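Below is the file structure11.tsv, which contains TSV, C-alpha atoms.
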chain	number	residue	atom	x	y	z
A	115	MET	CA	23.03	-206.48	56.23
A	116	LEU	CA	20.96	-209.39	57.53
A	117	ILE	CA	24.14	-211.32	58.30
A	118	SER	CA	25.25	-208.48	60.59
A	119	ILE	CA	22.51	-209.08	63.18
A	120	GLU	CA	22.07	-211.87	65.70
A	121	VAL	CA	19.30	-214.46	65.32
A	122	LYS	CA	17.46	-213.18	68.41
A	123	THR	CA	17.73	-209.59	67.18
A	124	HIS	CA	16.40	-210.72	63.80
A	125	GLU	CA	13.37	-212.22	65.57
A	126	ASN	CA	12.74	-208.98	67.51
A	127	TYR	CA	12.96	-206.92	64.32
A	128	GLY	CA	10.56	-209.30	62.60
A	129	ALA	CA	8.04	-208.94	65.43
A	130	GLY	CA	7.96	-205.16	65.02
A	131	LEU	CA	7.56	-205.39	61.27
A	132	LEU	CA	4.71	-207.89	61.66
A	133	ARG	CA	2.86	-205.65	64.15
A	134	PHE	CA	3.30	-202.64	61.86
A	135	HIS	CA	1.86	-204.44	58.83
A	136	GLN	CA	-1.04	-205.80	60.91
A	137	TYR	CA	-1.79	-202.24	62.03
A	138	CYS	CA	-1.70	-201.00	58.43
A	139	ASP	CA	-3.83	-203.91	57.16
A	140	LEU	CA	-6.58	-203.18	59.71
A	141	ARG	CA	-6.69	-199.56	58.53
A	142	LYS	CA	-6.40	-200.46	54.84
A	143	ILE	CA	-3.24	-198.44	54.38
A	144	PRO	CA	-1.79	-199.28	50.94
A	145	GLU	CA	1.69	-200.74	50.58
A	146	SER	CA	2.89	-197.60	48.80
A	147	LEU	CA	2.31	-195.56	51.97
A	148	ARG	CA	4.07	-197.99	54.29
A	149	MET	CA	7.57	-197.51	52.91
A	150	PRO	CA	8.85	-194.97	53.37
A	151	ALA	CA	6.48	-194.70	56.32
A	152	PRO	CA	5.56	-191.10	57.15
A	153	ASP	CA	6.19	-189.76	60.63
A	154	HIS	CA	2.47	-189.49	61.46
A	155	LEU	CA	1.82	-193.14	60.50
A	156	LEU	CA	4.64	-194.40	62.69
A	157	ALA	CA	3.46	-192.18	65.56
A	158	SER	CA	-0.13	-193.45	65.30
A	159	PHE	CA	1.18	-197.04	65.25
A	160	ILE	CA	3.07	-196.37	68.48
A	161	ALA	CA	0.06	-194.66	70.08
A	162	SER	CA	-2.12	-197.69	69.32
A	163	TRP	CA	-0.02	-199.71	71.77
A	164	ALA	CA	-0.24	-197.23	74.65
A	165	GLY	CA	-0.77	-199.03	77.94
A	166	LYS	CA	-0.35	-202.45	76.31
A	167	VAL	CA	3.40	-203.08	76.02
A	168	ALA	CA	6.60	-201.79	77.58
A	169	GLY	CA	8.37	-198.80	76.07
A	170	SER	CA	11.45	-200.92	75.39
A	171	THR	CA	9.31	-203.28	73.28
A	172	ILE	CA	8.11	-200.39	71.10
A	173	GLN	CA	11.69	-199.14	70.74
A	174	ASN	CA	12.77	-202.58	69.51
A	175	TRP	CA	9.88	-202.66	67.04
A	176	LEU	CA	10.81	-199.22	65.69
A	177	VAL	CA	14.44	-200.27	65.25
A	178	GLY	CA	13.20	-203.27	63.25
A	179	ILE	CA	11.01	-201.10	61.01
A	180	HIS	CA	13.92	-198.67	60.55
A	181	PHE	CA	16.17	-201.59	59.60
A	182	TRP	CA	13.56	-202.73	57.06
A	183	HIS	CA	13.74	-199.27	55.47
A	184	ASN	CA	17.54	-199.42	55.37
A	185	ILE	CA	17.52	-202.81	53.63
A	186	HIS	CA	15.34	-201.39	50.87
A	187	GLY	CA	17.35	-198.17	50.59
A	188	VAL	CA	14.49	-195.81	51.41
A	189	PRO	CA	14.61	-192.80	53.76
A	190	TRP	CA	13.48	-193.00	57.36
A	191	HIS	CA	10.99	-190.34	58.48
A	192	GLY	CA	10.57	-191.40	62.10
A	193	ARG	CA	11.49	-188.15	63.79
A	194	THR	CA	9.65	-185.56	65.92
A	195	LEU	CA	6.20	-187.15	66.12
A	196	VAL	CA	7.67	-190.61	66.65
A	197	HIS	CA	9.91	-189.42	69.49
A	198	THR	CA	7.00	-187.58	71.12
A	199	ALA	CA	4.73	-190.63	70.86
A	200	ALA	CA	7.41	-192.96	72.22
A	201	SER	CA	8.07	-190.64	75.17
A	202	GLY	CA	4.36	-190.45	75.93
A	203	LEU	CA	4.03	-194.22	75.74
A	204	ASN	CA	6.50	-194.66	78.62
A	205	LYS	CA	4.17	-192.66	80.89
A	206	VAL	CA	1.13	-194.89	80.34
A	207	VAL	CA	2.73	-198.35	80.35
A	208	LEU	CA	0.82	-200.79	82.56
A	209	GLN	CA	2.74	-202.34	85.43
A	210	SER	CA	1.72	-205.78	84.15
A	211	SER	CA	3.64	-205.19	80.92
A	212	LYS	CA	6.87	-204.36	82.70
A	213	ARG	CA	9.40	-207.08	83.34
A	214	PRO	CA	10.31	-207.51	87.01
A	215	ARG	CA	13.81	-206.27	87.75
A	216	ARG	CA	16.10	-209.26	87.92
A	217	PRO	CA	18.59	-209.52	90.78
A	218	PRO	CA	22.27	-209.55	89.75
A	219	VAL	CA	24.89	-212.20	90.35
A	220	THR	CA	26.67	-211.19	93.55
A	221	LEU	CA	29.80	-212.37	95.32
A	222	GLU	CA	27.56	-214.65	97.39
A	223	HIS	CA	26.42	-216.38	94.20
A	224	MET	CA	30.01	-216.67	92.98
A	225	HIS	CA	31.37	-218.03	96.27
A	226	THR	CA	28.52	-220.54	96.38
A	227	LEU	CA	29.53	-221.82	92.94
A	228	PHE	CA	33.15	-222.14	94.03
A	229	ARG	CA	32.17	-223.96	97.22
A	230	LEU	CA	29.64	-226.41	95.78
A	231	LEU	CA	30.92	-227.15	92.27
A	232	ASP	CA	33.31	-230.09	92.02
A	233	LEU	CA	36.37	-228.55	90.41
A	234	SER	CA	37.88	-231.99	89.85
A	235	ASN	CA	34.93	-232.62	87.52
A	236	LEU	CA	35.63	-231.30	84.01
A	237	PHE	CA	32.06	-230.13	83.40
A	238	ASP	CA	32.04	-228.16	86.67
A	239	THR	CA	35.50	-226.78	85.93
A	240	SER	CA	34.18	-225.37	82.66
A	241	VAL	CA	31.11	-223.91	84.39
A	242	PHE	CA	33.19	-222.10	87.00
A	243	ALA	CA	35.65	-220.75	84.40
A	244	ILE	CA	32.75	-219.33	82.38
A	245	ALA	CA	31.11	-217.84	85.48
A	246	ALA	CA	34.32	-216.18	86.69
A	247	THR	CA	35.13	-214.81	83.23
A	248	ALA	CA	31.60	-213.51	82.59
A	249	PHE	CA	31.43	-211.88	86.03
A	250	TRP	CA	34.82	-210.18	86.32
A	251	SER	CA	35.17	-209.37	82.60
A	252	CYS	CA	31.57	-208.08	82.37
A	253	CYS	CA	30.99	-209.95	79.14
A	254	ARG	CA	27.88	-211.40	77.60
A	255	LEU	CA	27.41	-215.16	77.90
A	256	GLY	CA	26.79	-215.23	74.16
A	257	GLU	CA	30.42	-214.19	73.69
A	258	LEU	CA	31.60	-217.32	75.53
A	259	LEU	CA	28.98	-219.97	74.84
A	260	ILE	CA	26.93	-221.50	72.03
A	261	ASN	CA	23.18	-222.13	72.13
A	262	SER	CA	23.27	-225.77	71.05
A	263	VAL	CA	25.82	-228.44	70.19
A	264	ASN	CA	25.13	-228.11	66.46
A	265	VAL	CA	25.49	-224.37	65.90
A	266	PHE	CA	29.21	-223.79	66.52
A	267	ASP	CA	30.75	-221.41	63.96
A	268	ALA	CA	34.43	-220.50	64.39
A	269	THR	CA	33.82	-217.13	62.72
A	270	ARG	CA	31.33	-216.15	65.44
A	271	HIS	CA	32.13	-218.31	68.46
A	272	VAL	CA	35.35	-218.46	70.45
A	273	SER	CA	37.33	-221.66	69.83
A	274	CYS	CA	40.21	-223.49	71.47
A	275	ASN	CA	42.65	-221.98	68.99
A	276	ALA	CA	41.50	-218.41	69.62
A	277	PRO	CA	44.37	-215.97	70.31
A	278	LEU	CA	45.17	-216.11	74.02
A	279	ARG	CA	47.84	-214.04	75.73
A	280	HIS	CA	49.13	-214.41	79.28
A	281	GLY	CA	51.01	-211.60	80.95
A	282	HIS	CA	51.69	-209.51	84.04
A	283	THR	CA	51.20	-205.81	84.69
A	284	PRO	CA	54.20	-203.71	85.86
A	285	THR	CA	52.94	-204.27	89.42
A	286	GLY	CA	52.95	-208.04	88.97
A	287	VAL	CA	49.20	-208.65	88.53
A	288	PRO	CA	48.61	-211.61	86.17
A	289	PHE	CA	46.15	-211.29	83.33
A	290	ILE	CA	44.82	-213.22	80.34
A	291	VAL	CA	43.66	-211.54	77.13
A	292	LEU	CA	41.25	-213.65	75.10
A	293	THR	CA	40.44	-212.50	71.56
A	294	ILE	CA	36.91	-213.39	70.47
A	295	PRO	CA	35.81	-213.25	66.81
A	296	TRP	CA	32.38	-211.65	67.22
A	297	THR	CA	30.41	-209.43	69.59
A	298	LYS	CA	26.91	-207.99	69.53
A	299	THR	CA	28.25	-204.48	68.86
A	300	THR	CA	31.48	-204.98	66.89
A	301	HIS	CA	30.27	-207.94	64.82
A	302	GLY	CA	33.10	-209.48	62.80
A	303	ASP	CA	35.72	-207.11	64.22
A	304	GLY	CA	35.58	-209.08	67.46
A	305	ALA	CA	37.06	-207.85	70.74
A	306	ASN	CA	39.45	-208.67	73.55
A	307	ILE	CA	38.15	-210.07	76.83
A	308	VAL	CA	40.52	-209.28	79.69
A	309	ALA	CA	40.62	-211.42	82.84
A	310	SER	CA	42.72	-209.80	85.56
A	311	GLY	CA	44.03	-211.59	88.62
A	312	ILE	CA	42.50	-210.74	91.99
A	313	ASP	CA	43.46	-211.79	95.51
A	314	ASP	CA	40.43	-214.00	95.96
A	315	ILE	CA	39.40	-217.62	95.42
A	316	LEU	CA	37.21	-216.30	92.60
A	317	ASN	CA	40.30	-215.25	90.64
A	318	PRO	CA	39.25	-215.45	86.96
A	319	VAL	CA	42.85	-216.00	85.80
A	320	SER	CA	43.14	-219.12	87.96
A	321	ALA	CA	39.70	-220.36	86.94
A	322	LEU	CA	40.40	-219.90	83.24
A	323	SER	CA	43.88	-221.42	83.46
A	324	HIS	CA	42.53	-224.45	85.33
A	325	HIS	CA	39.94	-225.00	82.61
A	326	LEU	CA	42.50	-224.63	79.81
A	327	LEU	CA	44.69	-227.31	81.39
A	328	ALA	CA	41.72	-229.62	82.00
A	329	LYS	CA	40.43	-229.52	78.40
A	330	SER	CA	43.72	-230.54	76.77
A	331	SER	CA	42.00	-233.28	74.74
A	332	ALA	CA	39.70	-230.86	72.87
A	333	LEU	CA	40.59	-230.12	69.27
A	334	GLY	CA	41.78	-226.69	68.16
A	335	ASP	CA	38.59	-225.89	66.28
A	336	ALA	CA	36.34	-226.94	69.18
A	337	PRO	CA	34.55	-224.34	71.32
A	338	LEU	CA	36.89	-222.87	73.95
A	339	PHE	CA	34.73	-224.03	76.84
A	340	ALA	CA	34.43	-227.61	75.65
A	341	TYR	CA	35.03	-230.20	78.35
A	342	GLU	CA	36.27	-233.79	78.32
A	343	THR	CA	33.60	-236.47	78.71
A	344	VAL	CA	33.84	-239.76	80.62
A	345	SER	CA	34.27	-241.61	77.32
A	346	GLY	CA	37.46	-239.68	76.60
A	347	GLY	CA	35.95	-237.43	73.93
A	348	TRP	CA	34.78	-233.87	74.38
A	349	SER	CA	31.54	-231.92	74.33
A	350	PRO	CA	30.89	-228.19	73.93
A	351	MET	CA	29.40	-226.32	76.88
A	352	VAL	CA	25.95	-225.05	75.92
A	353	HIS	CA	24.31	-221.88	77.26
A	354	SER	CA	21.32	-223.72	78.76
A	355	TRP	CA	23.49	-226.38	80.44
A	356	PHE	CA	25.64	-223.72	82.04
A	357	LEU	CA	22.70	-221.77	83.47
A	358	LYS	CA	20.93	-224.96	84.59
A	359	CYS	CA	24.03	-226.01	86.54
A	360	CYS	CA	24.44	-222.59	88.18
A	361	ASN	CA	20.78	-222.34	89.13
A	362	GLU	CA	20.73	-225.84	90.59
A	363	VAL	CA	23.63	-224.88	92.86
A	364	TRP	CA	22.00	-221.60	93.88
A	365	ARG	CA	18.60	-223.20	94.44
A	366	SER	CA	20.19	-225.71	96.82
A	367	THR	CA	21.22	-222.81	99.08
A	368	SER	CA	17.98	-220.80	98.62
A	369	LEU	CA	19.66	-218.18	96.45
A	370	PRO	CA	17.48	-216.76	93.65
A	371	GLN	CA	17.76	-218.32	90.21
A	372	LEU	CA	19.18	-215.95	87.63
A	373	LEU	CA	19.63	-215.42	83.90
A	374	GLY	CA	22.84	-215.05	81.96
A	375	HIS	CA	22.78	-211.24	81.71
A	376	CYS	CA	22.90	-211.07	85.51
A	377	PHE	CA	26.63	-211.94	85.43
A	378	ARG	CA	27.43	-208.84	83.38
A	379	ILE	CA	25.54	-206.35	85.53
A	380	GLY	CA	26.70	-208.02	88.75
A	381	GLY	CA	30.36	-207.90	87.72
A	382	ALA	CA	30.14	-204.25	86.66
A	383	THR	CA	28.56	-203.30	89.99
A	384	GLU	CA	31.17	-205.23	91.97
A	385	LEU	CA	34.01	-203.52	90.11
A	386	LEU	CA	32.54	-200.07	90.74
A	387	LEU	CA	32.17	-200.83	94.44
A	388	ARG	CA	35.83	-201.88	94.54
A	389	GLY	CA	36.81	-198.44	93.32
A	390	THR	CA	37.42	-199.27	89.66
A	391	PRO	CA	36.99	-196.05	87.61
A	392	PRO	CA	33.80	-196.04	85.49
A	393	ASP	CA	35.86	-195.54	82.33
A	394	VAL	CA	37.72	-198.78	83.06
A	395	VAL	CA	34.50	-200.68	83.82
A	396	ALA	CA	32.96	-199.37	80.59
A	397	MET	CA	36.02	-200.51	78.67
A	398	GLN	CA	35.98	-203.91	80.39
A	399	GLY	CA	32.38	-204.50	79.35
A	400	HIS	CA	32.84	-202.95	75.89
A	401	TRP	CA	30.29	-200.23	76.57
A	402	LYS	CA	30.49	-196.93	74.74
A	403	SER	CA	30.30	-193.97	77.12
A	404	ARG	CA	26.66	-193.08	76.51
A	405	ALA	CA	25.61	-196.72	76.54
A	406	PHE	CA	27.26	-197.16	79.93
A	407	LEU	CA	25.36	-194.14	81.25
A	408	LYS	CA	22.11	-195.92	80.35
A	409	TYR	CA	23.43	-199.08	81.98
A	410	TRP	CA	24.25	-197.12	85.12
A	411	ARG	CA	20.54	-196.59	85.73
A	412	LYS	CA	20.21	-200.35	86.15
A	413	ILE	CA	23.27	-200.57	88.39
A	414	ASP	CA	22.13	-197.66	90.56
A	415	SER	CA	18.88	-199.47	91.38
A	416	ILE	CA	20.57	-202.68	92.51
A	417	LEU	CA	23.38	-201.25	94.63
A	418	PRO	CA	21.54	-202.05	97.90
A	419	MET	CA	21.80	-205.76	97.05
A	420	PHE	CA	25.59	-205.48	97.27
A	421	ILE	CA	25.79	-203.73	100.63
A	422	THR	CA	27.54	-206.11	103.01
A	423	SER	CA	30.01	-205.70	105.84
A	424	SER	CA	32.73	-205.22	103.24
A	425	PHE	CA	30.88	-202.40	101.47
A	426	ALA	CA	29.74	-199.64	103.80
A	427	ASP	CA	27.72	-196.60	102.77
A	428	SER	CA	30.98	-194.80	102.03
A	429	HIS	CA	31.62	-197.19	99.13
A	430	VAL	CA	28.22	-196.42	97.64
A	431	ALA	CA	28.87	-192.69	98.03
A	432	MET	CA	32.20	-193.18	96.25
A	433	VAL	CA	30.50	-194.96	93.35
A	434	HIS	CA	27.89	-192.23	93.01
A	435	SER	CA	30.61	-189.57	93.07
A	436	SER	CA	32.69	-191.27	90.37
A	437	MET	CA	29.61	-191.81	88.19
A	438	GLN	CA	28.58	-188.16	88.57
A	439	SER	CA	32.01	-187.17	87.26
A	440	PHE	CA	31.62	-189.67	84.41
A	441	MET	CA	28.21	-188.23	83.52
A	442	ARG	CA	29.50	-184.67	83.41
A	443	ARG	CA	32.10	-185.73	80.85
A	444	TYR	CA	29.87	-187.74	78.54
A	445	GLN	CA	26.31	-186.44	78.77
So, in terms of structure tokens, how does the structure I just supplied come out?
Amino acid sequence: MLISIEVKTHENYGAGLLRFHQYCDLRKIPESLRMPAPDHLLASFIASWAGKVAGSTIQNWLVGIHFWHNIHGVPWHGRTLVHTAASGLNKVVLQSSKRPRRPPVTLEHMHTLFRLLDLSNLFDTSVFAIAATAFWSCCRLGELLINSVNVFDATRHVSCNAPLRHGHTPTGVPFIVLTIPWTKTTHGDGANIVASGIDDILNPVSALSHHLLAKSSALGDAPLFAYETVSGGWSPMVHSWFLKCCNEVWRSTSLPQLLGHCFRIGGATELLLRGTPPDVVAMQGHWKSRAFLKYWRKIDSILPMFITSSFADSHVAMVHSSMQSFMRRYQ
């Protein structure tokens, strides 16, 4: 079961378990009463953090404690009292404990990358291919990149010999389907990332194809977004290098610096504004219906950042209308 969760998720779970045991130690609660933890103990643990941490932090801690119970094969009693305490916590969270809402990647960010990156440079070519794929395919950067040069694992990270299919729709639109071996939600079942051609210089099919041609020297078991170095060898593209490059470009034009998740939410918003049905956007980003409804709350709050001459108020009204229909079907 431990293998099924990501390293970062494992750390978050561990933090919740540590806080819970610290709470129990202070109150001299014996080990025998901590697992299975009764509903009232879990609720009092939650209440002790009222006004100190964000509600999402408590939710992550509870998931970690629940996972700890599952590992040991004991029942989970976190029900009515826990839900009531968690709901109450959200009403008393201090503003200082809330993370500021991060702006999304917009078309302005993407066009700036295209304009200022040197696409004859193999490093920059890889950066732009990743950016275009992450944005238009609404995927997580962790599905495309590795965290350091020494952690590549072909069973979890996409490689140069990953299944890749080129094709055209009946209307002649080109597309590329990239099969990745692992995602945060499907784990080892993997998923397909679909890049569809658009009539724009930000076309992800062109960006990805350009990168694939440029990295011809990389070995089959190398990371997909490896790039050729000046010495004639190759190096994998690392998550931090990618974001550093993007943010340096954006900073040079006074655009805000962003984090990797901003590509996913920005791409989803752009697709909705272009009239893409919510079901299709949810499928593109591998969201389940209810999960996408939660995600919509984030998108709804950032729509004003996308309003340009190309997107009048009528586009926003269209998005709200399509999402209302989506909600009626899946709530």
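Distance-wise, CA of Ala151 (chain A) and CA of Gly192 (chain A) end up 7.8 Å apart.
Minimum atom-to-atom distance to Thr226 (chain A), evaluated using all atoms listed in the file, belongs to A:Cys360 out of A:Leu327, A:Val352, A:Cys360, A:Leu132.
Summary of the local environment: counting all atoms listed in the file, residues at most 6 Å from region 250-255 of chain A, other than itself and those fewer than 4 positions away along its chain, are Leu259, Ala309, Arg378, Gly381, Ala382, Gln398 and Gly399 of chain A.
Picture a line from CA of Leu322 (chain A) to CA of Ala340 (chain A); it runs 12.4 Å.
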Practice problem: In the coordinate frame of the file, compute which residues have an atom within 9 Å of (40.0, -222.9, 66.9) when using all atoms listed in the file, and state them as an MDAnalysis selection string. | Solution: chainID A and resid 268 272:277 333:338
Quiz prompt | Counting all atoms listed in the file, the residue of A:Ala129, A:Ile160, A:Leu195, A:Ile143 that sits nearest Gly178 (chain A) | solution = A:Ala129
Exercise. Find the residues near Gly304 (chain A): any atom within 7 Å, counting all atoms listed in the file, skip ones fewer than 4 places away on the same chain, and give them as a VMD selection string.
Key: chain A and resid 294 to 297 300
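What separates CA of His223 (chain A) from CA of Phe339 (chain A) is a distance of 20.7 Å.
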Quiz item: Pick from A:Asp314, A:Asn361, A:Ala328, A:Thr299: nearest to Trp401 (chain A), with all atoms listed in the file counted?
Solution: A:Thr299
Exercise. Taking (47.3, -213.9, 77.7) in the file's own coordinates, collect the residues within 8 Å, counting all atoms listed in the file, and hand them back as a PyMOL selection string.
Key: chain A and resi 278-281+289-292
Take the residues that were just selected and, keeping C-alpha atoms, output them as a tab-separated table (two decimals), in the frame of the given file.
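Saved to result_29.tsv:
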chain	number	residue	atom	x	y	z
A	278	LEU	CA	45.17	-216.11	74.02
A	279	ARG	CA	47.84	-214.04	75.73
A	280	HIS	CA	49.13	-214.41	79.28
A	281	GLY	CA	51.01	-211.60	80.95
A	289	PHE	CA	46.15	-211.29	83.33
A	290	ILE	CA	44.82	-213.22	80.34
A	291	VAL	CA	43.66	-211.54	77.13
A	292	LEU	CA	41.25	-213.65	75.10
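Nearest-residue note for His154 (chain A): choosing from A:Leu385, A:Asn317, A:Thr194, A:Gly256, the minimum distance belongs to A:Thr194, counting only C-alpha atoms.
Residue nearest Leu221 (chain A) within the list A:Val308, A:Ile172, A:Ala246, A:Leu372: A:Ala246 [criterion: smallest interatomic distance, only C-alpha atoms].
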Distance query Pro152 (chain A) at most 12 Å, all atoms listed in the file, self and fewer than 2 positions along chain excluded, as an mmCIF file with C-alpha atoms, keeping the file's coordinate frame:
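So the final result, stored in out.cif, reads:
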data_model
loop_
_atom_site.group_PDB
_atom_site.id
_atom_site.type_symbol
_atom_site.label_atom_id
_atom_site.label_comp_id
_atom_site.auth_asym_id
_atom_site.auth_seq_id
_atom_site.Cartn_x
_atom_site.Cartn_y
_atom_site.Cartn_z
ATOM 1 C CA ILE A 143 -3.240 -198.440 54.380
ATOM 2 C CA SER A 146 2.890 -197.600 48.800
ATOM 3 C CA LEU A 147 2.310 -195.560 51.970
ATOM 4 C CA ARG A 148 4.070 -197.990 54.290
ATOM 5 C CA MET A 149 7.570 -197.510 52.910
ATOM 6 C CA PRO A 150 8.850 -194.970 53.370
ATOM 7 C CA HIS A 154 2.470 -189.490 61.460
ATOM 8 C CA LEU A 155 1.820 -193.140 60.500
ATOM 9 C CA LEU A 156 4.640 -194.400 62.690
ATOM 10 C CA ALA A 157 3.460 -192.180 65.560
ATOM 11 C CA SER A 158 -0.130 -193.450 65.300
ATOM 12 C CA PHE A 159 1.180 -197.040 65.250
ATOM 13 C CA HIS A 180 13.920 -198.670 60.550
ATOM 14 C CA HIS A 183 13.740 -199.270 55.470
ATOM 15 C CA VAL A 188 14.490 -195.810 51.410
ATOM 16 C CA PRO A 189 14.610 -192.800 53.760
ATOM 17 C CA TRP A 190 13.480 -193.000 57.360
ATOM 18 C CA HIS A 191 10.990 -190.340 58.480
ATOM 19 C CA GLY A 192 10.570 -191.400 62.100
ATOM 20 C CA ARG A 193 11.490 -188.150 63.790
ATOM 21 C CA THR A 194 9.650 -185.560 65.920
ATOM 22 C CA LEU A 195 6.200 -187.150 66.120
ATOM 23 C CA VAL A 196 7.670 -190.610 66.650
#
